[in-house]
Amino acid sequence: IYSVNKTKKRRKVKIISNGTSAGGAMSALLGATGDSSDYEKYLTELGAADASDTVYAVSAYCPITNLENADMAYEWMFNGINDYTSMKITMENGKPNREKVNGEMNSTQIEWSNQLAKKFPEYVNGLNLKDESGNSLTLNNDGSGSFEEYLKSLIIDSAQSAIDSGEDVSPLEWIKVSGGKVTDIDFDGYKKYIGRMKPTMAFDGADVQNAENNEFGTAQTDSLHFTKFAADADENNVGMADEQIIKMMNPMEYISSENTGMTKYWRIRHGVKDSDTAFPIPAILALKLENSGADVDIAIPWGQGHGGDYDLDELFAWTETVVKAQ
């Protein structure tokens, strides 16, 4: 992609996509799917220029992504925590309606949570994820394992940064500190600290009333399912979105070391207090990218909830670094 300066000479433009929440998901999708033929007919219909649609770098804050596996991740994270405080988003006449909801899951939702939590290890293990030392990151049938330890390490780094900046974390009993260094965390204690925000199913609602269901709607049907689990639980049998559309909404489907259109530079952030989605989802995204050769900067910023652009100085510094890299 080129621009023309005043001397009429072409110079290459480096595009960096930045987004938060659903915007973070869109940025991730842009970064993973560059020049994929799956989108050509849609771009043609829109009248897009006949040019590459790759971007140079991606900044994604708390991306609500990998939706067909997000319910499993959420329940693996919050299974056993049955009360919730959420901002319920439903669609009314094509517009989002936001309402704060405090509640406790019913017996059906608790059973769904149990079933989904048990499914998550199989998904994680099928990804063949590895840490920077090449060690496999997996989960046992009971949900424990090296992948959980990796997630804990991100929280430990976040807590350590807070201590180093002068914050007193001693009231948080789930953080173990010795000599000013975080030695361990109680992961279950951390989960209770941030709390559950959404009842089961958090994303693909059995009643198709979640905003994500509307995301998969068509001209004929406002909202559709994107997981078989939720579709099977739907007493109204609303039905599933098109399989190809579900694929095209998930950047994980396109991340590969052979994908030459995939963005190389990524910055992923998910606040330590964010329970809008489960942070295994951005962690999985980061690991998959790293394992495919991308340059990934991931962190779980201390004190942050669901949001973005709270660290603009650091974001701009990262931007300057990656722009100069090539």
# chains A, B, ... in the order shown; residues from 1 in each chain; ligands from 1

$ select_by_dssp --residues "range 59-204 of chain A" --states "helix (DSSP H, G or I)" --output "ChimeraX atom specification"
/A:67-78,107-126,146-164,187-194

$ residues_around --residues "range 300-312 of chain A" --least-positions-apart "6" --cutoff "10 Å" --atoms "only C-alpha atoms" --output "JSON, numbers by chain"
{"A": [18, 19, 20, 21, 23, 24, 59, 60, 61, 62, 63, 151, 154, 155, 156, 157, 158, 159, 160, 161, 162, 163, 194, 268, 269, 270, 271, 272, 273, 274, 275, 276, 277, 279, 282, 283, 318]}

$ closest_residue --among "A:Ser17, A:Thr183, A:Gln326, A:Thr65" --to "Met249 in chain A" --atoms "only C-alpha atoms"
A:Thr65

$ select_by_dssp --residues "range 47-114 of chain A" --states "strand (DSSP E or B)" --output "VMD selection string"
chain A and resid 57 to 61 83 to 92 95 to 104

$ residues_around --residues "Met262 in chain A" --least-positions-apart "3" --cutoff "12 Å" --atoms "only C-alpha atoms" --output "number ranges by chain"
A: 27-36, 52-58, 251-259, 265-266, 289-290, 292-295

$ write_last_selection --atoms "N, CA, C and O atoms" --output "compact mmCIF listing (two decimals), in the first residue's frame"
# COMPACT_ATOMS: atom_id res chain seq x y z
N SER A 27 -9.38 -6.27 14.97
CA SER A 27 -7.96 -6.06 14.70
C SER A 27 -7.23 -7.39 14.56
O SER A 27 -6.39 -7.56 13.67
N ALA A 28 -7.55 -8.33 15.44
CA ALA A 28 -6.93 -9.65 15.37
C ALA A 28 -7.30 -10.35 14.06
O ALA A 28 -6.46 -11.01 13.43
N LEU A 29 -8.53 -10.20 13.65
CA LEU A 29 -8.98 -10.82 12.40
C LEU A 29 -8.27 -10.21 11.21
O LEU A 29 -7.83 -10.91 10.29
N LEU A 30 -8.11 -8.89 11.21
CA LEU A 30 -7.38 -8.21 10.14
C LEU A 30 -5.94 -8.72 10.06
O LEU A 30 -5.41 -8.95 8.98
N GLY A 31 -5.34 -8.88 11.24
CA GLY A 31 -3.95 -9.30 11.27
C GLY A 31 -3.72 -10.72 10.83
O GLY A 31 -2.67 -11.05 10.26
N ALA A 32 -4.70 -11.59 11.07
CA ALA A 32 -4.52 -13.02 10.77
C ALA A 32 -4.92 -13.39 9.36
O ALA A 32 -4.43 -14.40 8.82
N THR A 33 -5.79 -12.59 8.74
CA THR A 33 -6.43 -13.04 7.49
C THR A 33 -5.96 -12.31 6.25
O THR A 33 -6.60 -12.42 5.20
N GLY A 34 -4.88 -11.56 6.34
CA GLY A 34 -4.43 -10.78 5.20
C GLY A 34 -4.34 -11.58 3.91
O GLY A 34 -3.73 -12.64 3.86
N ASP A 35 -4.98 -11.05 2.86
CA ASP A 35 -4.96 -11.63 1.50
C ASP A 35 -5.59 -13.01 1.42
O ASP A 35 -5.35 -13.76 0.46
N SER A 36 -6.41 -13.38 2.40
CA SER A 36 -7.11 -14.67 2.32
C SER A 36 -8.18 -14.61 1.23
O SER A 36 -8.95 -13.64 1.14
N SER A 52 -3.65 -5.49 -1.89
CA SER A 52 -3.46 -6.32 -0.70
C SER A 52 -4.23 -5.75 0.48
O SER A 52 -4.35 -4.54 0.65
N ASP A 53 -4.81 -6.65 1.30
CA ASP A 53 -5.51 -6.18 2.50
C ASP A 53 -4.75 -6.57 3.77
O ASP A 53 -5.33 -6.66 4.85
N THR A 54 -3.45 -6.79 3.64
CA THR A 54 -2.64 -7.07 4.82
C THR A 54 -2.39 -5.79 5.61
O THR A 54 -2.41 -4.69 5.06
N VAL A 55 -2.19 -5.94 6.92
CA VAL A 55 -1.80 -4.81 7.75
C VAL A 55 -0.43 -5.10 8.33
O VAL A 55 -0.01 -6.26 8.42
N TYR A 56 0.26 -4.05 8.74
CA TYR A 56 1.64 -4.20 9.20
C TYR A 56 1.74 -4.71 10.62
O TYR A 56 2.60 -5.53 10.95
N ALA A 57 0.85 -4.23 11.49
CA ALA A 57 0.91 -4.61 12.91
C ALA A 57 -0.48 -4.52 13.51
O ALA A 57 -1.37 -3.86 12.98
N VAL A 58 -0.63 -5.18 14.64
CA VAL A 58 -1.94 -5.24 15.33
C VAL A 58 -1.77 -4.91 16.80
O VAL A 58 -0.90 -5.46 17.47
N PRO A 251 -9.89 -15.54 13.99
CA PRO A 251 -8.51 -15.43 13.52
C PRO A 251 -7.69 -16.70 13.74
O PRO A 251 -6.75 -16.97 13.00
N MET A 252 -8.07 -17.51 14.73
CA MET A 252 -7.33 -18.74 15.00
C MET A 252 -7.32 -19.67 13.79
O MET A 252 -6.41 -20.48 13.62
N GLU A 253 -8.33 -19.58 12.95
CA GLU A 253 -8.44 -20.44 11.78
C GLU A 253 -7.41 -20.09 10.70
O GLU A 253 -7.20 -20.87 9.77
N TYR A 254 -6.78 -18.92 10.82
CA TYR A 254 -5.89 -18.44 9.76
C TYR A 254 -4.43 -18.30 10.21
O TYR A 254 -3.57 -18.02 9.38
N ILE A 255 -4.18 -18.49 11.48
CA ILE A 255 -2.82 -18.33 12.00
C ILE A 255 -1.98 -19.55 11.66
O ILE A 255 -2.30 -20.67 12.05
N SER A 256 -0.91 -19.31 10.92
CA SER A 256 -0.04 -20.41 10.49
C SER A 256 1.29 -19.84 10.04
O SER A 256 1.36 -18.73 9.50
N SER A 257 2.35 -20.61 10.25
CA SER A 257 3.67 -20.17 9.81
C SER A 257 3.75 -20.12 8.28
O SER A 257 4.63 -19.46 7.73
N GLU A 258 2.83 -20.81 7.60
CA GLU A 258 2.82 -20.80 6.14
C GLU A 258 2.00 -19.65 5.57
O GLU A 258 2.01 -19.42 4.35
N ASN A 259 1.27 -18.94 6.41
CA ASN A 259 0.40 -17.86 5.95
C ASN A 259 1.21 -16.58 5.77
O ASN A 259 1.53 -15.89 6.73
N TYR A 265 3.79 -8.36 13.60
CA TYR A 265 3.92 -7.66 14.89
C TYR A 265 2.57 -7.52 15.59
O TYR A 265 1.61 -6.99 15.03
N TRP A 266 2.53 -7.99 16.85
CA TRP A 266 1.28 -8.00 17.62
C TRP A 266 1.53 -7.48 19.03
O TRP A 266 2.53 -7.80 19.66
N LEU A 289 0.11 -17.39 17.79
CA LEU A 289 0.88 -16.47 16.95
C LEU A 289 2.37 -16.67 17.14
O LEU A 289 3.13 -16.76 16.16
N GLU A 290 2.81 -16.72 18.39
CA GLU A 290 4.23 -16.92 18.68
C GLU A 290 4.73 -18.24 18.09
O GLU A 290 5.82 -18.30 17.51
N SER A 292 3.72 -19.62 15.57
CA SER A 292 3.70 -19.53 14.11
C SER A 292 4.70 -18.51 13.58
O SER A 292 4.67 -18.16 12.40
N GLY A 293 5.56 -17.98 14.47
CA GLY A 293 6.64 -17.11 14.03
C GLY A 293 6.39 -15.62 14.18
O GLY A 293 7.23 -14.81 13.79
N ALA A 294 5.25 -15.22 14.75
CA ALA A 294 4.96 -13.80 14.92
C ALA A 294 5.73 -13.23 16.11
O ALA A 294 6.14 -13.96 17.02
N ASP A 295 5.91 -11.92 16.10
CA ASP A 295 6.54 -11.19 17.19
C ASP A 295 5.42 -10.65 18.06
O ASP A 295 4.70 -9.73 17.66

$ residues_around --residues "Thr90 in chain A" --least-positions-apart "6" --cutoff "9 Å" --atoms "only C-alpha atoms" --output "PyMOL selection string"
chain A and resi 96-99+209-211+214

$ closest_residue --among "A:Phe216, A:Ile281, A:Phe78, A:Asn93" --to "Lys247 in chain A" --atoms "only C-alpha atoms"
A:Phe216

$ closest_residue --among "A:Ala70, A:Thr221, A:Lys228, A:Val169" --to "Val124 in chain A" --atoms "only C-alpha atoms"
A:Ala70

$ residues_around --residues "Leu139 in chain A" --least-positions-apart "6" --cutoff "6 Å" --atoms "only C-alpha atoms" --output "ChimeraX atom specification"
/A:121,145,147
